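Note: the block below is model_20.cif and it holds mmCIF, C-alpha atoms and all ligand atoms.
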```
data_run
#
loop_
_atom_site.label_atom_id
_atom_site.label_comp_id
_atom_site.auth_asym_id
_atom_site.auth_seq_id
_atom_site.Cartn_x
_atom_site.Cartn_y
_atom_site.Cartn_z
CA MET K 1 -59.01 274.68 13.47
CA LEU K 2 -55.53 273.28 14.04
CA ASN K 3 -54.35 270.66 11.52
CA ILE K 4 -52.50 268.02 13.47
CA ALA K 5 -50.53 264.98 12.26
CA ILE K 6 -50.15 261.94 14.50
CA ILE K 7 -46.68 260.41 14.31
CA GLY K 8 -46.58 256.87 15.74
CA LEU K 9 -49.65 254.64 15.70
CA GLY K 10 -48.73 252.22 18.49
CA ASN K 11 -50.47 251.74 21.84
CA ILE K 12 -50.95 255.39 22.70
CA GLY K 13 -51.14 256.81 19.17
CA LYS K 14 -54.24 254.67 18.57
CA ASN K 15 -55.95 256.17 21.61
CA HIS K 16 -55.29 259.70 20.36
CA ILE K 17 -56.79 258.78 17.00
CA LYS K 18 -60.00 257.82 18.81
CA ALA K 19 -60.06 260.97 20.98
CA ILE K 20 -59.12 263.74 18.54
CA PRO K 21 -62.11 263.49 16.16
CA ASN K 22 -64.24 264.77 19.09
CA SER K 23 -62.14 267.92 19.37
CA LYS K 24 -63.71 271.27 18.54
CA ASN K 25 -60.32 272.88 17.99
CA CYS K 26 -58.20 270.50 15.92
CA ARG K 27 -58.48 267.82 13.28
CA ILE K 28 -56.19 265.02 12.16
CA CYS K 29 -54.63 265.91 8.81
CA ALA K 30 -52.28 262.91 8.47
CA VAL K 31 -51.08 259.79 10.24
CA CYS K 32 -47.58 258.32 10.15
CA ASP K 33 -45.98 255.05 11.15
CA SER K 34 -42.97 253.25 9.70
CA ASN K 35 -45.06 250.07 9.94
CA GLU K 36 -46.89 250.31 6.61
CA GLU K 37 -49.63 247.87 7.55
CA LEU K 38 -50.53 249.96 10.59
CA ALA K 39 -50.37 253.27 8.71
CA LYS K 40 -52.53 251.93 5.87
CA GLN K 41 -55.03 250.43 8.28
CA TYR K 42 -55.75 253.81 9.90
CA SER K 43 -55.64 255.64 6.64
CA GLU K 44 -58.11 253.28 4.98
CA SER K 45 -60.52 252.99 7.90
CA LEU K 46 -60.57 256.71 8.76
CA GLY K 47 -59.63 258.41 5.50
CA PHE K 48 -56.48 260.24 6.66
CA PRO K 49 -53.49 260.58 4.32
CA TYR K 50 -50.69 258.33 5.59
CA PHE K 51 -46.91 258.59 5.61
CA LEU K 52 -44.22 256.06 6.42
CA ASN K 53 -41.56 258.71 7.05
CA TYR K 54 -42.50 261.73 9.16
CA LYS K 55 -40.02 263.87 7.20
CA ASP K 56 -42.34 263.65 4.17
CA ILE K 57 -45.36 265.14 5.99
CA PRO K 58 -44.54 268.88 5.78
CA GLY K 59 -44.27 268.74 1.96
CA GLY K 60 -47.27 266.42 1.64
CA VAL K 61 -50.09 268.02 3.66
CA GLU K 62 -50.80 271.34 5.33
CA LEU K 63 -50.15 271.00 9.03
CA ASP K 64 -49.90 273.27 12.05
CA ALA K 65 -48.84 270.75 14.68
CA ALA K 66 -47.40 267.27 15.17
CA LEU K 67 -48.52 265.00 17.98
CA ILE K 68 -45.53 262.70 18.41
CA THR K 69 -46.14 259.29 19.95
CA LEU K 70 -42.88 257.58 18.96
CA PRO K 71 -40.48 255.50 21.09
CA HIS K 72 -38.41 257.58 23.52
CA PHE K 73 -35.13 257.56 21.54
CA LEU K 74 -36.88 259.30 18.63
CA HIS K 75 -38.47 262.11 20.67
CA CYS K 76 -35.69 264.68 20.39
CA GLU K 77 -34.80 264.20 16.73
CA SER K 78 -38.44 264.13 15.55
CA ALA K 79 -39.41 267.17 17.66
CA VAL K 80 -36.46 269.21 16.43
CA PHE K 81 -37.32 268.25 12.83
CA PHE K 82 -40.87 269.65 13.11
CA LEU K 83 -39.94 272.67 15.24
CA GLU K 84 -37.33 273.71 12.68
CA LYS K 85 -40.03 273.56 10.01
CA GLY K 86 -42.12 276.03 12.04
CA ILE K 87 -44.59 273.35 13.20
CA HIS K 88 -45.83 273.20 16.81
CA VAL K 89 -45.04 269.97 18.67
CA PHE K 90 -47.05 268.05 21.23
CA MET K 91 -44.66 265.38 22.52
CA VAL K 92 -45.88 262.39 24.48
CA LYS K 93 -44.16 261.80 27.83
CA PRO K 94 -41.30 261.46 28.65
CA MET K 95 -40.14 264.61 26.88
CA ALA K 96 -36.83 262.94 25.93
CA ASN K 97 -34.24 260.53 27.29
CA THR K 98 -31.86 263.18 28.65
CA VAL K 99 -31.89 266.77 29.88
CA GLU K 100 -29.46 267.64 27.09
CA GLU K 101 -32.03 266.44 24.51
CA CYS K 102 -34.75 268.47 26.25
CA ASP K 103 -32.54 271.57 26.00
CA ARG K 104 -32.16 271.05 22.25
CA MET K 105 -35.93 270.77 21.84
CA ILE K 106 -36.58 273.93 23.87
CA ALA K 107 -33.93 275.83 21.90
CA ALA K 108 -35.48 274.72 18.57
CA ALA K 109 -38.95 275.88 19.69
CA LYS K 110 -37.59 279.28 20.76
CA ALA K 111 -35.48 279.78 17.65
CA ASN K 112 -38.44 279.08 15.38
CA ASN K 113 -41.06 280.86 17.48
CA VAL K 114 -43.31 277.79 17.78
CA LYS K 115 -44.85 275.99 20.73
CA LEU K 116 -43.57 272.83 22.38
CA ALA K 117 -45.78 271.05 24.91
CA ILE K 118 -45.58 267.67 26.63
CA ALA K 119 -48.45 265.18 26.91
CA HIS K 120 -48.51 264.15 30.58
CA PRO K 121 -52.07 262.76 30.50
CA GLN K 122 -52.56 261.73 34.12
CA ARG K 123 -53.16 265.32 35.29
CA PHE K 124 -56.25 265.22 33.05
CA PHE K 125 -57.74 262.20 34.84
CA TYR K 126 -60.75 263.52 36.70
CA ALA K 127 -59.61 262.16 40.08
CA ASN K 128 -56.35 264.08 39.71
CA THR K 129 -58.10 267.31 38.73
CA LEU K 130 -60.09 266.96 41.96
CA VAL K 131 -56.88 266.47 43.96
CA LYS K 132 -55.56 269.70 42.45
CA GLU K 133 -58.74 271.48 43.60
CA PHE K 134 -58.28 270.12 47.15
CA VAL K 135 -54.66 271.30 47.21
CA ASP K 136 -55.46 274.78 45.85
CA SER K 137 -58.53 275.33 48.05
CA LYS K 138 -56.77 273.96 51.17
CA LYS K 139 -60.05 272.17 52.03
CA LEU K 140 -58.02 269.53 53.88
CA GLY K 141 -55.31 271.96 54.99
CA GLU K 142 -51.77 271.96 53.64
CA LEU K 143 -50.42 269.14 51.49
CA CYS K 144 -47.35 267.74 53.23
CA MET K 145 -46.59 264.34 51.69
CA PHE K 146 -47.40 262.18 48.68
CA THR K 147 -46.85 258.50 48.13
CA GLU K 148 -47.51 256.33 45.11
CA PHE K 149 -47.07 252.65 44.57
CA ARG K 150 -47.55 251.06 41.18
CA THR K 151 -47.04 247.43 40.31
CA THR K 152 -47.30 245.73 36.96
CA ASP K 153 -45.84 242.90 34.92
CA TYR K 154 -43.44 245.18 33.05
CA PHE K 155 -41.71 242.32 31.23
CA THR K 156 -44.82 240.94 29.58
CA PRO K 157 -44.19 239.54 26.05
CA GLY K 158 -46.66 242.08 24.61
CA ARG K 159 -44.48 245.08 25.59
CA PRO K 160 -42.72 246.58 22.54
CA LYS K 161 -39.06 245.47 22.71
CA TRP K 162 -37.60 249.00 22.63
CA PHE K 163 -39.07 249.62 26.14
CA LEU K 164 -36.65 246.98 27.52
CA ASN K 165 -33.53 248.51 25.98
CA LYS K 166 -31.83 251.23 28.05
CA LYS K 167 -30.36 253.00 25.02
CA GLN K 168 -33.73 253.26 23.32
CA ALA K 169 -36.07 253.74 26.29
CA GLY K 170 -33.66 255.81 28.41
CA GLY K 171 -34.50 253.63 31.40
CA GLY K 172 -37.16 251.25 32.62
CA ILE K 173 -40.14 251.57 34.87
CA VAL K 174 -38.93 254.90 36.31
CA MET K 175 -38.53 256.56 32.90
CA ASN K 176 -41.86 255.19 31.76
CA PHE K 177 -44.11 255.49 34.84
CA GLY K 178 -42.04 257.80 37.08
CA THR K 179 -42.76 260.62 34.65
CA HIS K 180 -46.48 260.30 35.52
CA ALA K 181 -45.85 260.40 39.29
CA ILE K 182 -43.48 263.38 39.02
CA ASP K 183 -45.87 265.26 36.73
CA LYS K 184 -48.78 264.81 39.14
CA LEU K 185 -46.82 266.05 42.11
CA PHE K 186 -45.25 268.97 40.19
CA TYR K 187 -48.71 269.93 38.94
CA VAL K 188 -50.57 269.90 42.25
CA LEU K 189 -47.70 271.66 44.05
CA GLY K 190 -46.83 274.15 41.32
CA GLU K 191 -43.17 273.43 42.16
CA THR K 192 -40.72 271.86 39.71
CA LYS K 193 -37.23 273.13 40.54
CA ASP K 194 -34.43 272.25 42.95
CA VAL K 195 -35.92 268.90 43.96
CA ASP K 196 -33.67 266.72 46.13
CA VAL K 197 -33.83 263.05 45.19
CA PHE K 198 -32.85 259.87 47.01
CA ALA K 199 -33.30 256.72 44.97
CA SER K 200 -32.60 253.06 44.38
CA THR K 201 -33.20 251.20 41.11
CA ALA K 202 -32.43 247.56 40.29
CA ASN K 203 -33.40 244.55 38.23
CA ILE K 204 -33.14 241.20 40.00
CA LYS K 205 -35.54 239.29 37.76
CA ASN K 206 -33.98 239.10 34.30
CA ASP K 207 -31.04 240.29 32.21
CA ALA K 208 -32.74 243.29 30.56
CA ASP K 209 -30.52 246.36 31.01
CA ILE K 210 -33.33 248.44 32.52
CA GLU K 211 -34.52 248.55 36.12
CA GLY K 212 -37.46 246.35 37.07
CA HIS K 213 -38.10 247.82 40.50
CA ALA K 214 -37.36 251.17 42.07
CA GLN K 215 -38.01 253.43 45.01
CA PHE K 216 -37.32 257.11 45.09
CA MET K 217 -38.03 260.04 47.33
CA MET K 218 -38.38 263.67 46.25
CA LYS K 219 -38.03 266.61 48.61
CA PHE K 220 -39.25 269.98 47.36
CA PRO K 221 -37.96 273.37 48.49
CA SER K 222 -41.37 273.93 50.18
CA GLY K 223 -40.67 270.89 52.41
CA VAL K 224 -43.28 268.65 50.74
CA THR K 225 -41.99 265.14 50.12
CA GLY K 226 -43.06 262.38 47.74
CA THR K 227 -42.13 258.71 47.74
CA VAL K 228 -42.63 256.44 44.77
CA THR K 229 -42.45 252.64 44.75
CA PHE K 230 -42.55 250.68 41.50
CA SER K 231 -42.39 246.95 40.96
CA GLY K 232 -42.40 245.60 37.43
CA TYR K 233 -42.31 241.96 38.46
CA ASN K 234 -46.00 241.29 39.01
CA SER K 235 -49.17 243.23 39.51
CA CYS K 236 -50.69 243.78 42.94
CA GLY K 237 -52.19 247.27 42.73
CA TYR K 238 -51.76 250.93 41.91
CA ASP K 239 -52.50 253.54 44.58
CA ALA K 240 -51.54 257.07 45.48
CA ILE K 241 -52.09 258.90 48.76
CA TYR K 242 -51.88 262.65 49.34
CA TYR K 243 -51.41 263.51 53.04
CA PHE K 244 -52.74 266.89 54.21
CA THR K 245 -52.62 268.54 57.62
CA ASN K 246 -56.37 267.86 58.15
CA GLY K 247 -56.95 264.64 56.21
CA ALA K 248 -55.86 262.63 53.20
CA LEU K 249 -56.89 261.70 49.66
CA LYS K 250 -56.38 258.26 48.19
CA ILE K 251 -56.58 257.33 44.51
CA SER K 252 -56.89 253.67 43.60
CA ASP K 253 -56.28 252.41 40.07
CA THR K 254 -56.09 256.01 38.76
CA SER K 255 -59.82 256.76 38.98
CA LEU K 256 -61.29 255.91 42.42
CA LEU K 257 -60.95 258.78 44.86
CA TYR K 258 -61.41 258.57 48.63
CA GLN K 259 -61.22 261.31 51.23
CA PHE K 260 -60.09 260.61 54.82
CA LYS K 261 -61.84 263.02 57.12
CA ASP K 262 -63.24 262.77 60.66
CA GLY K 263 -61.81 259.29 61.14
CA LYS K 264 -63.05 257.50 58.03
CA TRP K 265 -62.50 257.04 54.30
CA GLU K 266 -65.36 258.31 52.14
CA LYS K 267 -65.68 257.71 48.40
CA ILE K 268 -65.83 260.82 46.21
CA ASP K 269 -67.79 260.58 42.98
CA THR K 270 -65.42 260.70 40.01
CA THR K 271 -67.96 259.92 37.31
CA THR K 272 -67.27 262.07 34.27
CA SER K 273 -67.98 262.01 30.58
CA VAL K 274 -64.76 263.90 29.78
CA SER K 275 -62.05 261.83 28.09
CA PRO K 276 -58.59 262.74 29.49
CA LEU K 277 -57.00 262.62 26.03
CA LEU K 278 -59.67 264.92 24.60
CA TYR K 279 -59.31 267.32 27.55
CA GLN K 280 -55.54 267.23 27.00
CA ILE K 281 -55.67 267.99 23.26
CA GLU K 282 -58.09 270.89 23.83
CA GLU K 283 -55.61 272.31 26.36
CA PHE K 284 -52.83 271.89 23.79
CA CYS K 285 -54.87 273.88 21.25
CA LYS K 286 -55.34 276.66 23.82
CA TYR K 287 -51.60 276.65 24.49
CA VAL K 288 -50.82 276.99 20.77
CA ASN K 289 -53.27 279.90 20.61
CA SER K 290 -51.49 281.52 23.60
CA GLU K 291 -54.61 281.16 25.79
CA PRO K 292 -54.34 280.08 29.46
CA SER K 293 -53.80 276.32 29.48
CA ILE K 294 -52.78 273.59 31.91
CA VAL K 295 -50.81 271.62 29.35
CA PRO K 296 -47.15 271.36 30.47
CA ASP K 297 -44.62 273.27 28.38
CA GLY K 298 -41.12 272.19 27.38
CA GLU K 299 -39.53 273.72 30.48
CA PHE K 300 -41.87 271.69 32.70
CA GLY K 301 -41.16 268.49 30.73
CA ARG K 302 -37.44 269.17 31.13
CA ASP K 303 -37.81 269.56 34.91
CA VAL K 304 -39.42 266.09 35.01
CA ILE K 305 -36.38 264.66 33.20
CA VAL K 306 -34.05 266.48 35.63
CA VAL K 307 -35.63 264.43 38.45
CA ILE K 308 -35.44 261.22 36.37
CA GLU K 309 -31.72 261.80 35.78
CA LYS K 310 -31.24 262.37 39.52
CA VAL K 311 -32.99 259.04 40.20
CA TYR K 312 -30.67 257.18 37.81
CA ASN K 313 -27.53 258.98 39.00
CA ASN K 314 -28.28 258.50 42.70
N1 LIG D 401 -50.60 256.97 29.20
C1 LIG D 401 -49.57 257.47 28.53
O1 LIG D 401 -49.24 258.63 28.66
C2 LIG D 401 -48.80 256.59 27.62
C3 LIG D 401 -49.20 255.29 27.44
C4 LIG D 401 -48.47 254.53 26.57
C5 LIG D 401 -47.33 255.07 25.95
N2 LIG D 401 -46.96 256.34 26.19
C6 LIG D 401 -45.77 256.92 25.54
O2 LIG D 401 -46.02 256.96 24.13
C7 LIG D 401 -44.82 256.70 23.40
C8 LIG D 401 -45.05 255.50 22.52
O3 LIG D 401 -45.38 254.39 23.33
P1 LIG D 401 -46.26 253.18 22.75
O4 LIG D 401 -46.56 252.30 23.90
O5 LIG D 401 -47.37 253.72 21.93
O6 LIG D 401 -45.15 252.50 21.81
P2 LIG D 401 -45.38 251.54 20.55
O7 LIG D 401 -44.09 250.85 20.31
O8 LIG D 401 -46.63 250.75 20.74
O9 LIG D 401 -45.67 252.59 19.37
C9 LIG D 401 -44.67 253.30 18.70
C10 LIG D 401 -45.02 253.32 17.21
O10 LIG D 401 -44.03 254.12 16.54
C11 LIG D 401 -43.73 253.49 15.30
N3 LIG D 401 -42.39 253.93 14.86
C12 LIG D 401 -41.19 253.56 15.37
N4 LIG D 401 -40.21 254.23 14.74
C13 LIG D 401 -40.81 255.05 13.83
C14 LIG D 401 -40.32 256.01 12.88
N5 LIG D 401 -39.02 256.29 12.75
N6 LIG D 401 -41.23 256.67 12.13
C15 LIG D 401 -42.55 256.41 12.24
N7 LIG D 401 -43.07 255.51 13.11
C16 LIG D 401 -42.20 254.85 13.90
C17 LIG D 401 -43.80 252.00 15.59
O11 LIG D 401 -44.01 251.24 14.41
C18 LIG D 401 -44.98 251.94 16.57
O12 LIG D 401 -46.21 251.70 15.90
C19 LIG D 401 -43.76 256.54 24.47
O13 LIG D 401 -43.17 257.79 24.70
C20 LIG D 401 -44.51 256.09 25.71
O14 LIG D 401 -43.85 256.37 26.92
C21 LIG D 401 -47.69 257.12 26.96
#
```
Starting from the coordinates I provided, produce the structure as structure tokens.
Amino acid sequence: MLNIAIIGLGNIGKNHIKAIPNSKNCRICAVCDSNEELAKQYSESLGFPYFLNYKDIPGGVELDAALITLPHFLHCESAVFFLEKGIHVFMVKPMANTVEECDRMIAAAKANNVKLAIAHPQRFFYANTLVKEFVDSKKLGELCMFTEFRTTDYFTPGRPKWFLNKKQAGGGIVMNFGTHAIDKLFYVLGETKDVDVFASTANIKNDADIEGHAQFMMKFPSGVTGTVTFSGYNSCGYDAIYYFTNGALKISDTSLLYQFKDGKWEKIDTTTSVSPLLYQIEEFCKYVNSEPSIVPDGEFGRDVIVVIEKVYNN
């Protein structure tokens, strides 16, 4: 049983706290948030020891791994802290704000002989696992193109302020949501290197120093291409289409899957009782135990950030 501490109890940290108690392979040994009210709330309701400073955890409880769900600007420094203490790290996406930070994290994992993995949860959504099966089995022929469009009100007052600050978030909607799109395409293709990128990012709605809308195109060495369109100004849908030589797959709102075959769209059943975050943490445990796992490693997470940097530098 892996003892895991959860560092950061915001929007996504809370969801991990709900998922992990159902794991057969790990248990939560501590929670941490610099917001004392939040840390105490989880500690009191669920009985976990709590910490306000993650640097106090290694001396305070026995732990094997840290699941880090902190704001982007804290990813590198917190990961390196735990890795240097010989503790495995599961870092929420994006791996870090820059490729240089990713390199430091990878080097710290290697130097201390511990594992570093990145939580890219969308590959664990059942609809996406089915897409991967279609790609691998070639049931619809060869995958040739991918397109995703995602719209949302990115500048809603409920969004934590650090997300709207370039220095802290590393970017806007591309850094936050682009990492999901890139992960999905990397995963189904099994290709992550030497991706050509053509991109445009802008913000014409407000004076935040992050982009509010973006389009980018990726071209892989295999010839497969992917286009991504994000608007953070208002919400009018979230769809992805995978184009194959003999048909297509469409995912709407992350969970509805349709297959285009013989001239019509047919719905594919995506009902499942498996929680993506539980599936993901079980894969992380396998990775730590050096068993075959589909959780992305640090090198993969770095390749995602390589593409993100190409988008911003285009
Ligand atoms: N579906 C997903 O994969 C998904 C969804 C949401 C967020 N995320 C990612 O999760 C990360 C966190 O996002 P969020 O929306 O939960 O943010 P958030 O702001 O809601 O949560 C971050 C938490 O970290 C705490 N914190 C900040 N500095 C700290 C420090 N030094 N020590 C301890 N605690 C500290 C804050 O008090 C806050 O509770 C980001 O990397 C984000 O991109 C992933």
Shell of 10 Å around region 2-10 of chain K, all atoms listed in the file, local chain residues under 6 positions omitted, as a PyMOL selection string | chain K and resi 16-17+20+24-35+38-39+42+48-54+57-58+61-71+78+87-91+160+285+288-289
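Among the candidates K:Arg104, K:Arg159, K:Lys85, K:Lys261, the one nearest to ligand LIG 401 (chain D) when counting all atoms listed in the file is K:Arg159.
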Test item: axis-aligned box, all listed atoms of ligand LIG 401 (chain D), 6 Å on each side, centre and edges in Å rounded to one decimal, as AutoDock Vina command-line options:
```
--center_x -44.8 --center_y 254.7 --center_z 20.7 --size_x 23.6 --size_y 19.9 --size_z 29.1
```
Selection near Arg150 (chain K), 9 Å with all atoms listed in the file, sequence-local residues under 4 positions removed, as number ranges by chain = K: 177, 228-232, 235-240, 253
Tell me which of K:Asn176, K:Ser23, K:Ser290, K:Asn97 sits closest to ligand LIG 401 (chain D), counting only C-alpha atoms and all ligand atoms.
-> K:Asn176
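Residues with any atom within 10 Å of Pro221 (chain K), counting only C-alpha atoms and excluding same-chain neighbours fewer than 2 positions away, are K:Glu191, K:Thr192, K:Lys193, K:Asp194, K:Val195, K:Asp196, K:Met218, K:Lys219, K:Gly223, K:Val224, K:Thr225.
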Closest to Asn15 (chain K) among K:Pro121, K:Leu257, K:Ala248, K:Ile182, using only C-alpha atoms?
->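 With only C-alpha atoms as the atom set, the closest residue is K:Pro121.
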Could you state the separation of atom C9 of ligand LIG 401 (chain D) and CA of Asn11 (chain K) in Å, given to one decimal place?
->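 Computed distance, atom C9 of ligand LIG 401 (chain D) to CA of Asn11 (chain K), equals 6.8 Å.
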Select, from K:Val135, K:Gly226, K:Tyr233, K:Ala127, the residue with the minimum atom-to-atom distance to Thr272 (chain K), counting all atoms listed in the file.
->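 Once distances to Thr272 (chain K) are computed over all atoms listed in the file, the minimum belongs to K:Ala127.
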d(CA of Lys110 (chain K), CA of Gly301 (chain K)) in Å |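 Atom-to-atom, CA of Lys110 (chain K) and CA of Gly301 (chain K) are spaced 15.1 Å apart.
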For Tyr312 (chain K), which residue among K:Lys132, K:Lys166, K:Lys115, K:His180 is the nearest when counting only C-alpha atoms?
->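 Residue with the minimum atom-to-atom distance to Tyr312 (chain K): K:Lys166.
One distance worth recording is that between CA of His75 (chain K) and CA of Gly178 (chain K), which is 17.3 Å.
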Smallest atom-to-atom distance to Val92 (chain K): which of K:Leu46, K:Ala119, K:Ala109, K:Ile251, using all atoms listed in the file?
->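 Checking each candidate against Val92 (chain K), we get K:Ala119 as the closest.
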Residues within 12 Å of Gly141 (chain K), please, as a PDB file with C-alpha atoms, keeping the file's coordinate frame. Count all atoms listed in the file; anything in the same chain fewer than 3 positions from it doesn't count.
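Produced file out_39.pdb, reproduced below:
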```
ATOM      1  CA  GLU K 133     -58.740 271.480  43.600  1.00  0.00           C
ATOM      2  CA  PHE K 134     -58.280 270.120  47.150  1.00  0.00           C
ATOM      3  CA  VAL K 135     -54.660 271.300  47.210  1.00  0.00           C
ATOM      4  CA  ASP K 136     -55.460 274.780  45.850  1.00  0.00           C
ATOM      5  CA  SER K 137     -58.530 275.330  48.050  1.00  0.00           C
ATOM      6  CA  LYS K 138     -56.770 273.960  51.170  1.00  0.00           C
ATOM      7  CA  CYS K 144     -47.350 267.740  53.230  1.00  0.00           C
ATOM      8  CA  TYR K 242     -51.880 262.650  49.340  1.00  0.00           C
ATOM      9  CA  TYR K 243     -51.410 263.510  53.040  1.00  0.00           C
ATOM     10  CA  PHE K 244     -52.740 266.890  54.210  1.00  0.00           C
ATOM     11  CA  THR K 245     -52.620 268.540  57.620  1.00  0.00           C
ATOM     12  CA  ASN K 246     -56.370 267.860  58.150  1.00  0.00           C
ATOM     13  CA  GLY K 247     -56.950 264.640  56.210  1.00  0.00           C
ATOM     14  CA  ALA K 248     -55.860 262.630  53.200  1.00  0.00           C
ATOM     15  CA  LEU K 249     -56.890 261.700  49.660  1.00  0.00           C
ATOM     16  CA  LYS K 261     -61.840 263.020  57.120  1.00  0.00           C
TER      17      LYS K 261
END
```
Nearby residues (all atoms listed in the file) at most 10 Å from Met105 (chain K), same-chain spacing under 6 positions excluded, as a list of chain:residue names | K:His75, K:Cys76, K:Glu77, K:Ser78, K:Ala79, K:Val80, K:Phe81, K:Leu83, K:Glu84, K:Val89, K:Met95, K:Ala96, K:Val99, K:Ala111, K:Leu116, K:Gly298, K:Glu299, K:Arg302
Please produce a file of the residues just selected, as a short mmCIF file (atom, residue, chain, number, x, y, z; two decimals), in the frame of the given file, where the atoms kept are C-alpha atoms.
```cif
data_model
loop_
_atom_site.label_atom_id
_atom_site.label_comp_id
_atom_site.auth_asym_id
_atom_site.auth_seq_id
_atom_site.Cartn_x
_atom_site.Cartn_y
_atom_site.Cartn_z
CA HIS K 75 -38.47 262.11 20.67
CA CYS K 76 -35.69 264.68 20.39
CA GLU K 77 -34.80 264.20 16.73
CA SER K 78 -38.44 264.13 15.55
CA ALA K 79 -39.41 267.17 17.66
CA VAL K 80 -36.46 269.21 16.43
CA PHE K 81 -37.32 268.25 12.83
CA LEU K 83 -39.94 272.67 15.24
CA GLU K 84 -37.33 273.71 12.68
CA VAL K 89 -45.04 269.97 18.67
CA MET K 95 -40.14 264.61 26.88
CA ALA K 96 -36.83 262.94 25.93
CA VAL K 99 -31.89 266.77 29.88
CA ALA K 111 -35.48 279.78 17.65
CA LEU K 116 -43.57 272.83 22.38
CA GLY K 298 -41.12 272.19 27.38
CA GLU K 299 -39.53 273.72 30.48
CA ARG K 302 -37.44 269.17 31.13
#
```
Dump as JSON, numbers by chain all residues having an atom at most 10 Å from (-30.4, 251.4, 37.9), computed in the file's coordinates with all atoms listed in the file.
-> {"K": [166, 171, 172, 174, 199, 200, 201, 202, 203, 209, 210, 211, 212, 213, 214, 311, 312, 313, 314]}
